[in-house]
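K.L.:
The following file, model.cif, comprises mmCIF, C-alpha atoms:
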data_structure
loop_
_atom_site.label_atom_id
_atom_site.label_comp_id
_atom_site.auth_asym_id
_atom_site.auth_seq_id
_atom_site.Cartn_x
_atom_site.Cartn_y
_atom_site.Cartn_z
CA MET E 1 32.02 50.57 -81.07
CA LYS E 2 35.73 50.24 -80.46
CA LEU E 3 35.11 48.82 -76.99
CA ARG E 4 32.66 46.32 -78.43
CA TYR E 5 35.21 45.22 -81.05
CA SER E 6 37.89 44.90 -78.37
CA TYR E 7 35.59 42.73 -76.24
CA LEU E 8 34.75 40.44 -79.15
CA SER E 9 38.42 40.16 -80.12
CA SER E 10 39.37 39.25 -76.55
CA LYS E 11 36.56 36.70 -76.42
CA TRP E 12 37.66 35.00 -79.65
CA VAL E 13 41.32 35.02 -78.60
CA LYS E 14 40.42 33.24 -75.35
CA ARG E 15 38.31 30.74 -77.26
CA LEU E 16 41.14 30.13 -79.73
CA ILE E 17 43.65 29.60 -76.91
CA GLY E 18 41.26 27.19 -75.20
CA THR E 19 40.74 25.22 -78.41
CA CYS E 20 44.51 24.97 -78.90
CA ILE E 21 44.96 23.68 -75.34
CA VAL E 22 42.30 20.99 -75.83
CA ILE E 23 43.85 19.94 -79.15
CA ALA E 24 47.29 19.82 -77.51
CA ILE E 25 46.00 17.57 -74.72
CA PHE E 26 44.49 15.11 -77.17
CA PHE E 27 47.66 15.29 -79.31
CA PHE E 28 49.88 14.24 -76.42
CA LEU E 29 47.44 11.51 -75.38
CA GLY E 30 47.39 10.22 -78.95
CA ARG E 31 51.16 10.47 -79.22
CA ARG E 32 51.57 8.36 -76.08
CA LEU E 33 49.19 5.75 -77.49
CA TYR E 34 51.20 5.70 -80.73
CA ILE E 35 54.48 5.21 -78.85
CA ASP E 36 53.01 2.38 -76.74
CA TRP E 37 51.00 0.82 -79.57
CA GLN E 38 52.75 -2.54 -79.26
CA GLU E 39 51.86 -2.75 -75.57
CA LEU E 40 48.24 -1.97 -76.43
CA LYS E 41 48.23 -4.71 -79.08
CA ASP E 42 49.68 -7.25 -76.67
CA TYR E 43 47.27 -6.38 -73.87
CA ASP E 44 44.62 -9.00 -73.19
CA TRP E 45 41.46 -6.97 -73.79
CA HIS E 46 38.36 -8.49 -72.19
CA VAL E 47 35.43 -6.17 -71.50
CA GLN E 48 33.19 -7.43 -68.69
CA PRO E 49 29.57 -6.61 -69.69
CA PHE E 50 28.21 -7.17 -66.17
CA TRP E 51 30.57 -4.66 -64.53
CA LEU E 52 30.06 -2.24 -67.40
CA GLY E 53 26.28 -2.39 -67.08
CA LEU E 54 26.42 -2.07 -63.30
CA SER E 55 28.75 0.92 -63.57
CA PHE E 56 26.33 2.61 -65.97
CA ALA E 57 23.44 2.01 -63.55
CA PHE E 58 25.35 3.65 -60.69
CA LEU E 59 26.32 6.53 -62.97
CA ILE E 60 22.64 7.12 -63.81
CA LEU E 61 21.84 6.94 -60.09
CA TRP E 62 24.48 9.60 -59.37
CA TRP E 63 23.19 11.84 -62.17
CA VAL E 64 19.61 11.62 -60.89
CA ALA E 65 20.73 12.19 -57.29
CA LEU E 66 22.61 15.35 -58.34
CA SER E 67 19.45 16.73 -59.93
CA LEU E 68 17.52 16.01 -56.73
CA GLY E 69 20.28 17.70 -54.75
CA TRP E 70 19.90 20.84 -56.86
CA SER E 71 16.12 20.79 -56.35
CA PHE E 72 16.72 20.54 -52.61
CA LEU E 73 19.05 23.57 -52.75
CA LEU E 74 16.26 25.49 -54.48
CA HIS E 75 13.94 24.55 -51.62
CA ARG E 76 16.54 25.88 -49.15
CA LEU E 77 16.40 29.15 -51.12
CA LYS E 78 12.63 29.17 -50.52
CA VAL E 79 11.70 28.12 -54.07
CA ASN E 80 9.00 25.51 -54.56
CA LEU E 81 9.86 23.30 -57.54
CA SER E 82 8.87 19.66 -57.70
CA PHE E 83 11.66 17.10 -57.83
CA LYS E 84 10.22 15.84 -61.11
CA MET E 85 10.52 19.23 -62.79
CA GLY E 86 13.87 19.79 -61.10
CA PHE E 87 15.21 16.62 -62.71
CA LYS E 88 13.78 17.66 -66.08
CA PHE E 89 15.30 21.15 -66.05
CA TRP E 90 18.62 19.96 -64.64
CA ALA E 91 19.16 16.96 -66.94
CA ILE E 92 18.29 18.78 -70.16
CA SER E 93 20.27 21.91 -69.35
CA GLN E 94 23.39 19.89 -68.48
CA LEU E 95 23.90 19.21 -72.19
CA GLY E 96 24.61 22.94 -72.51
CA ARG E 97 28.01 22.32 -70.93
CA TYR E 98 29.24 21.13 -74.33
CA LEU E 99 28.49 24.46 -76.02
CA PRO E 100 31.29 27.05 -76.32
CA GLY E 101 31.29 29.17 -73.18
CA LYS E 102 31.09 27.75 -69.71
CA PHE E 103 27.71 28.72 -68.31
CA TRP E 104 25.10 27.64 -70.85
CA HIS E 105 23.90 24.86 -68.56
CA ILE E 106 23.25 27.46 -65.85
CA LEU E 107 21.48 29.79 -68.29
CA GLY E 108 19.45 26.83 -69.52
CA ARG E 109 18.23 26.14 -66.01
CA ALA E 110 17.44 29.83 -65.52
CA TYR E 111 15.38 29.81 -68.74
CA PHE E 112 13.37 26.74 -67.74
CA CYS E 113 12.83 28.00 -64.19
CA ALA E 114 11.73 31.42 -65.46
CA GLU E 115 8.79 29.65 -67.14
CA GLU E 116 7.80 28.50 -63.63
CA ASP E 117 8.01 32.11 -62.36
CA ILE E 118 11.29 31.50 -60.54
CA GLU E 119 13.66 34.46 -60.54
CA LYS E 120 16.74 33.96 -62.69
CA SER E 121 18.98 35.33 -59.94
CA VAL E 122 17.81 32.60 -57.56
CA THR E 123 18.34 29.87 -60.16
CA VAL E 124 21.85 31.13 -60.93
CA ALA E 125 22.62 31.32 -57.21
CA SER E 126 21.45 27.72 -56.70
CA ALA E 127 23.62 26.52 -59.60
CA LEU E 128 26.67 28.36 -58.27
CA LEU E 129 26.01 26.91 -54.81
CA GLU E 130 25.79 23.45 -56.34
CA ILE E 131 29.13 23.88 -58.14
CA ALA E 132 30.75 25.20 -54.96
CA LEU E 133 29.53 22.25 -52.88
CA MET E 134 30.60 19.73 -55.52
CA THR E 135 34.05 21.33 -55.72
CA ILE E 136 34.53 21.44 -51.96
CA ALA E 137 33.38 17.85 -51.52
CA ALA E 138 35.59 16.62 -54.37
CA GLY E 139 38.58 18.52 -52.98
CA LEU E 140 37.96 17.07 -49.52
CA ILE E 141 37.82 13.51 -50.86
CA PHE E 142 40.97 14.06 -52.92
CA LEU E 143 42.90 15.45 -49.96
CA LEU E 144 41.77 12.61 -47.70
CA ALA E 145 42.83 10.08 -50.33
CA LEU E 146 46.11 11.80 -51.21
CA PRO E 147 48.25 9.91 -48.63
CA LEU E 148 46.88 6.66 -50.05
CA MET E 149 47.96 7.76 -53.53
CA THR E 150 51.56 8.37 -52.48
CA SER E 151 54.26 6.37 -50.73
CA ALA E 152 54.49 8.75 -47.77
CA HIS E 153 52.15 6.76 -45.52
CA SER E 154 54.17 7.74 -42.45
CA LEU E 155 52.80 11.28 -42.82
CA ASP E 156 49.15 10.17 -42.91
CA ILE E 157 48.23 11.24 -39.38
CA VAL E 158 50.02 14.60 -39.64
CA PHE E 159 48.40 15.22 -43.02
CA TYR E 160 44.90 14.49 -41.76
CA ILE E 161 45.44 16.64 -38.65
CA LEU E 162 46.25 19.56 -40.95
CA VAL E 163 43.64 18.95 -43.65
CA ILE E 164 40.53 18.29 -41.55
CA PRO E 165 40.64 21.58 -39.55
CA LEU E 166 41.34 23.56 -42.74
CA GLY E 167 38.40 21.89 -44.43
CA LEU E 168 36.10 22.63 -41.50
CA VAL E 169 37.15 26.29 -41.48
CA SER E 170 36.76 26.72 -45.25
CA ILE E 171 33.06 25.86 -45.18
CA HIS E 172 32.19 28.18 -42.31
CA PRO E 173 29.20 30.28 -43.46
CA LEU E 174 31.07 33.54 -42.84
CA LEU E 175 33.91 32.65 -45.21
CA PHE E 176 31.74 30.72 -47.65
CA SER E 177 29.18 33.53 -48.01
CA ARG E 178 31.90 36.07 -48.80
CA ALA E 179 33.50 33.79 -51.38
CA PHE E 180 30.07 33.05 -52.86
CA SER E 181 29.21 36.75 -53.12
CA PHE E 182 32.57 37.47 -54.77
CA ALA E 183 31.98 34.73 -57.36
CA ALA E 184 28.44 35.96 -58.04
CA LYS E 185 29.69 39.51 -58.66
CA LYS E 186 32.40 38.25 -61.00
CA LEU E 187 29.72 36.43 -62.98
CA ARG E 188 27.46 39.51 -62.86
CA ALA E 189 24.75 37.57 -61.08
CA THR E 190 22.33 39.25 -58.71
CA GLU E 191 23.42 38.57 -55.15
CA VAL E 192 21.17 36.24 -53.17
CA GLN E 193 21.37 36.07 -49.39
CA LEU E 194 22.39 32.61 -48.25
CA ASP E 195 20.72 31.70 -44.98
CA LEU E 196 22.87 28.67 -44.19
CA SER E 197 24.03 27.67 -40.73
CA TYR E 198 27.32 25.90 -40.14
CA LEU E 199 25.45 22.66 -39.46
CA LYS E 200 23.60 22.96 -42.78
CA MET E 201 26.88 23.60 -44.61
CA LEU E 202 28.39 20.49 -43.02
CA SER E 203 25.36 18.44 -44.02
CA PHE E 204 25.42 19.76 -47.61
CA VAL E 205 29.12 19.01 -48.01
CA GLY E 206 28.56 15.58 -46.44
CA ILE E 207 25.73 14.83 -48.88
CA HIS E 208 27.83 15.85 -51.89
CA ALA E 209 30.80 13.86 -50.59
CA THR E 210 28.50 10.82 -50.37
CA LEU E 211 27.34 11.46 -53.93
CA TRP E 212 30.98 11.51 -55.04
CA LEU E 213 31.39 8.08 -53.48
CA VAL E 214 28.46 6.86 -55.59
CA CYS E 215 30.08 8.36 -58.67
CA GLY E 216 33.41 6.85 -57.64
CA LEU E 217 31.80 3.42 -57.35
CA ALA E 218 30.39 3.82 -60.86
CA PHE E 219 33.80 4.77 -62.25
CA PHE E 220 35.58 2.04 -60.28
CA LEU E 221 33.24 -0.58 -61.76
CA PHE E 222 33.75 0.94 -65.22
CA VAL E 223 37.51 0.64 -64.86
CA ASN E 224 37.16 -2.96 -63.68
CA SER E 225 35.09 -3.78 -66.73
CA ILE E 226 38.23 -3.07 -68.78
CA HIS E 227 41.20 -3.53 -66.44
CA ARG E 228 41.13 -5.39 -63.14
CA ILE E 229 42.14 -3.37 -60.07
CA SER E 230 41.82 -4.20 -56.38
CA TRP E 231 38.96 -2.96 -54.18
CA ASN E 232 41.70 -1.54 -51.97
CA GLU E 233 42.06 1.14 -54.64
CA PHE E 234 38.38 2.16 -54.53
CA PHE E 235 38.82 5.34 -52.49
CA PRO E 236 41.93 6.61 -54.35
CA VAL E 237 40.26 5.90 -57.71
CA THR E 238 37.13 7.74 -56.52
CA ALA E 239 39.28 10.72 -55.54
CA THR E 240 41.04 10.55 -58.90
CA TYR E 241 37.82 10.75 -60.86
CA ALA E 242 36.32 13.43 -58.60
CA ILE E 243 39.28 15.79 -58.94
CA ALA E 244 39.58 15.16 -62.70
CA TRP E 245 35.85 15.87 -63.13
CA ILE E 246 36.12 19.13 -61.18
CA MET E 247 39.21 20.17 -63.17
CA GLY E 248 37.16 19.71 -66.31
CA LEU E 249 34.19 21.56 -64.84
CA LEU E 250 36.26 24.58 -63.81
CA SER E 251 38.31 24.77 -67.03
CA VAL E 252 36.72 27.78 -68.67
CA PHE E 253 38.20 27.02 -72.09
CA ALA E 254 36.99 23.41 -72.49
CA PRO E 255 33.28 22.75 -73.20
CA GLY E 256 32.16 19.98 -70.86
CA GLY E 257 35.74 19.70 -69.60
CA LEU E 258 36.58 18.02 -72.91
CA GLY E 259 40.23 17.01 -72.96
CA VAL E 260 41.00 18.32 -69.49
CA ARG E 261 39.22 15.52 -67.65
CA GLU E 262 40.70 12.90 -69.96
CA GLY E 263 44.19 14.36 -69.63
CA ALA E 264 44.00 14.41 -65.83
CA LEU E 265 42.63 10.86 -65.72
CA GLY E 266 45.27 9.64 -68.16
CA VAL E 267 47.97 10.89 -65.80
CA LEU E 268 46.44 9.97 -62.43
CA LEU E 269 45.31 6.47 -63.43
CA THR E 270 48.90 5.45 -64.14
CA ASN E 271 49.11 4.79 -60.39
CA TYR E 272 46.91 1.73 -60.96
CA MET E 273 47.62 0.54 -64.52
CA PRO E 274 50.10 0.95 -67.40
CA ALA E 275 50.05 4.41 -69.02
CA PRO E 276 48.60 3.39 -72.40
CA ILE E 277 45.79 1.44 -70.70
CA ALA E 278 45.10 4.44 -68.47
CA ILE E 279 44.74 6.70 -71.52
CA VAL E 280 42.35 4.28 -73.23
CA VAL E 281 40.25 4.04 -70.04
CA ALA E 282 40.21 7.84 -69.76
CA LEU E 283 39.06 8.29 -73.36
CA LEU E 284 36.41 5.56 -73.15
CA SER E 285 35.09 7.06 -69.91
CA ARG E 286 34.00 10.13 -71.87
CA ILE E 287 31.78 7.97 -74.13
CA TRP E 288 30.47 6.16 -71.04
CA PHE E 289 29.65 9.46 -69.33
CA VAL E 290 28.08 11.19 -72.34
CA GLY E 291 25.88 8.14 -72.85
CA ALA E 292 24.46 8.58 -69.35
CA GLU E 293 23.95 12.32 -69.92
CA ILE E 294 22.05 11.75 -73.16
CA LEU E 295 19.91 8.99 -71.66
CA CYS E 296 18.91 11.14 -68.67
CA ALA E 297 18.19 14.13 -70.91
CA ALA E 298 16.04 11.97 -73.22
CA VAL E 299 14.03 10.63 -70.27
CA ALA E 300 13.71 14.13 -68.80
CA TRP E 301 12.46 15.51 -72.13
CA ARG E 302 9.54 13.08 -72.06
CA LEU E 303 8.43 14.12 -68.57
#
Here is a file; write its structure as C-alpha cells.
P.N.:
Amino acid sequence: MKLRYSYLSSKWVKRLIGTCIVIAIFFFLGRRLYIDWQELKDYDWHVQPFWLGLSFAFLILWWVALSLGWSFLLHRLKVNLSFKMGFKFWAISQLGRYLPGKFWHILGRAYFCAEEDIEKSVTVASALLEIALMTIAAGLIFLLALPLMTSAHSLDIVFYILVIPLGLVSIHPLLFSRAFSFAAKKLRATEVQLDLSYLKMLSFVGIHATLWLVCGLAFFLFVNSIHRISWNEFFPVTATYAIAWIMGLLSVFAPGGLGVREGALGVLLTNYMPAPIAIVVALLSRIWFVGAEILCAAVAWRL
C-alpha cells in the first residue's frame, strides 16, 4: 500500500512539474509578445490563402504517408493489416498524444490492432520503431542543415565528413537493435526480434527523411502564407520544424509536445524573421497542425 502511494505521489509530482514547465514556456512567449507589441501592431499582416491551403494539403499528405509508413513497418514485422485499416487505427489513436501521459497513442493503436488479432507487443514494437526512425531521420536532417543555419560555412565540409559516418554507424542493425531492446524494456514492452538488414535500415531512414522533407515543405508554405521567406531557406526551415517536432514528441511532460514545440520554433525561427513574428507563427502552427490531425481522424473514423 505504501509503495502504491509512493508511486502515485511520484507520478503526480512529475505531472505537476511538467505542467509548470509548459505554463512557463507559454508565459515567456506571451511576455515576449507583450514587450514587442508595438512591432506586432506595425507589422503588415497579409495572410496568403493560396499558400495556406497548399500547406494544409501537403500536411495532410504527410500525415497520411506516415500512417502508411507505420502499416508498412507492421508488414515487415510479419503482420498483415490493410493500409486502409492502418490509416484508420493510426489517425484516430494519434489524438491520444494530447492526453496526460506520453503513450496513449501507442496504447490506442494496440487496442485497435488487438481487435484484429494482432499481438499488442508487436503493435507497441512497431510504434517504437516508427518513433525511432522519425527521430533518427529528423536528427540527420537537422545536422545536415546545421551549417546552413550558422555563419560557420567554412566548416561545412569538415562537419559533413564527421556527421555522415556517425549517422551511418548509428543505424547499424547491431547498435540499433540493442538500443531498441533497451527502450522496450524501459517501457515494459515485450521484446520483439527485429529482422532488419543494414540495407533495410538505410531505406527506412531514407523514407522517413523524405517524409520530413514533405512535412518541411508544408511548414515552409505555411510560414510563407504569413511572412515571406526565401526558398533558399527551405532546407534549414525544414530542419527547424523537424527538430522542434521531435523535441515535442520526446518531451514526456508535455501532452502532444504542447508548449515545447512552440517554444523551440519561437527560438529557432528568429533566424529567418523578427522574434515576435516567429512566436506568432509558432503559436499559429499548432492550430494549423491540430486542424490536420482532427480532419484525418474524422475521415478515418468514417472508414
K.L.:
Expanded to explicit residues, what is the PyMOL selection byres ((chain E and resi 42-51) around 8) for this file, as a PDB file with C-alpha atoms, in the coordinates of the input?
P.N.:
ATOM      1  CA  GLN E  38      52.750  -2.540 -79.260  1.00  0.00           C
ATOM      2  CA  GLU E  39      51.860  -2.750 -75.570  1.00  0.00           C
ATOM      3  CA  LEU E  40      48.240  -1.970 -76.430  1.00  0.00           C
ATOM      4  CA  LYS E  41      48.230  -4.710 -79.080  1.00  0.00           C
ATOM      5  CA  LEU E  52      30.060  -2.240 -67.400  1.00  0.00           C
ATOM      6  CA  GLY E  53      26.280  -2.390 -67.080  1.00  0.00           C
ATOM      7  CA  LEU E  54      26.420  -2.070 -63.300  1.00  0.00           C
ATOM      8  CA  SER E  55      28.750   0.920 -63.570  1.00  0.00           C
ATOM      9  CA  LEU E 221      33.240  -0.580 -61.760  1.00  0.00           C
ATOM     10  CA  PHE E 222      33.750   0.940 -65.220  1.00  0.00           C
ATOM     11  CA  ASN E 224      37.160  -2.960 -63.680  1.00  0.00           C
ATOM     12  CA  SER E 225      35.090  -3.780 -66.730  1.00  0.00           C
ATOM     13  CA  ILE E 226      38.230  -3.070 -68.780  1.00  0.00           C
TER      14      ILE E 226
END
K.L.:
With distances taken over only C-alpha atoms, which of E:Ile279, E:Leu77, E:Ala218, E:Ala300 is nearest to Arg31 of chain E?
P.N.:
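Selected residue with least distance to Arg31 of chain E: E:Ile279.
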K.L.:
Quote the spacing between atom CA of Ala57 of chain E and atom CA of Ala297 of chain E in Å to one decimal place.
P.N.:
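Taking atom CA of Ala57 of chain E and atom CA of Ala297 of chain E, their separation equals 15.1 Å.
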K.L.:
Kindly give the distance, in Å, that separates atom CA of Val299 of chain E and atom CA of Lys88 of chain E, rounded to a single decimal.
P.N.:
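Atom-to-atom, atom CA of Val299 of chain E and atom CA of Lys88 of chain E are spaced 8.2 Å apart.
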K.L.:
One number please: atom CA of Ala110 of chain E to atom CA of Ile294 of chain E, in Å, one decimal.
P.N.:
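That distance, rounded to one decimal, is 20.2 Å.
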K.L.:
Could you tell me which of E:Ile277, E:Met149, E:Leu73, E:Leu303 comes closest to Met85 of chain E if we count only C-alpha atoms?
P.N.:
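The closest residue to Met85 of chain E is E:Leu303.
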K.L.:
For each of E:Gly139, E:Pro173, E:Pro276, E:Pro100, take the minimum atom-to-atom distance to His208 of chain E, counting only C-alpha atoms, then give the residue where this is smallest.
P.N.:
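Answer, going by the shortest atom-to-atom distance: E:Gly139.
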K.L.:
Between E:Met273, E:Ala145, E:Ile92, E:Ile35, which one has atoms that come closest to Phe234 of chain E, using all atoms listed in the file?
P.N.:
E:Ala145
K.L.:
Show me, as an MDAnalysis selection string, the residues that have an atom within 10 Å of Ile60 of chain E when counting only C-alpha atoms, minus same-chain residues fewer than 5 positions from it.
P.N.:
chainID E and resid 54:55 65:66 215 218 289 291:293 295:296
K.L.:
Quick one: which residues end up in the PyMOL selection byres ((chain E and resi 282) around 6) for this structure, as a ChimeraX atom specification?
P.N.:
/E:262,265-266,279-281,283-285
K.L.:
Taking the file as I've supplied it (selection: the PyMOL selection byres ((chain E and resi 71) around 8)), which residues are included? Please answer as a list in words.
P.N.:
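On this input, the PyMOL selection byres ((chain E and resi 71) around 8) captures Ser67, Leu68, Gly69, Trp70, Phe72, Leu73, Leu74, His75, Leu81, Ser82, Phe83, Gly86 and Phe87 of chain E.
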K.L.:
Under the rule that all atoms listed in the file are counted, which of E:Tyr98, E:Trp90, E:Trp63, E:Phe142 is the nearest residue to Thr123 of chain E?
P.N.:
E:Trp90
K.L.:
Tell me, as a ChimeraX atom specification, which residues lie within 12 Å of Phe220 of chain E, counting all atoms listed in the file; anything in the same chain fewer than 3 positions away does not count.
P.N.:
/E:51-52,54-56,58-59,212-217,223-242,269,272,281,285
K.L.:
With distances taken over all atoms listed in the file, which residue among E:Phe112, E:Phe103, E:Trp245, E:Phe219 lies nearest Ala91 of chain E?
P.N.:
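Closest candidate: E:Phe112.
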K.L.:
With only C-alpha atoms as the counted atoms, please give the residues lying no more than 6 Å from His105 of chain E, apart from itself and same-chain residues fewer than 6 positions off, as a VMD selection string.
P.N.:
chain E and resid 93 to 94 96 to 97
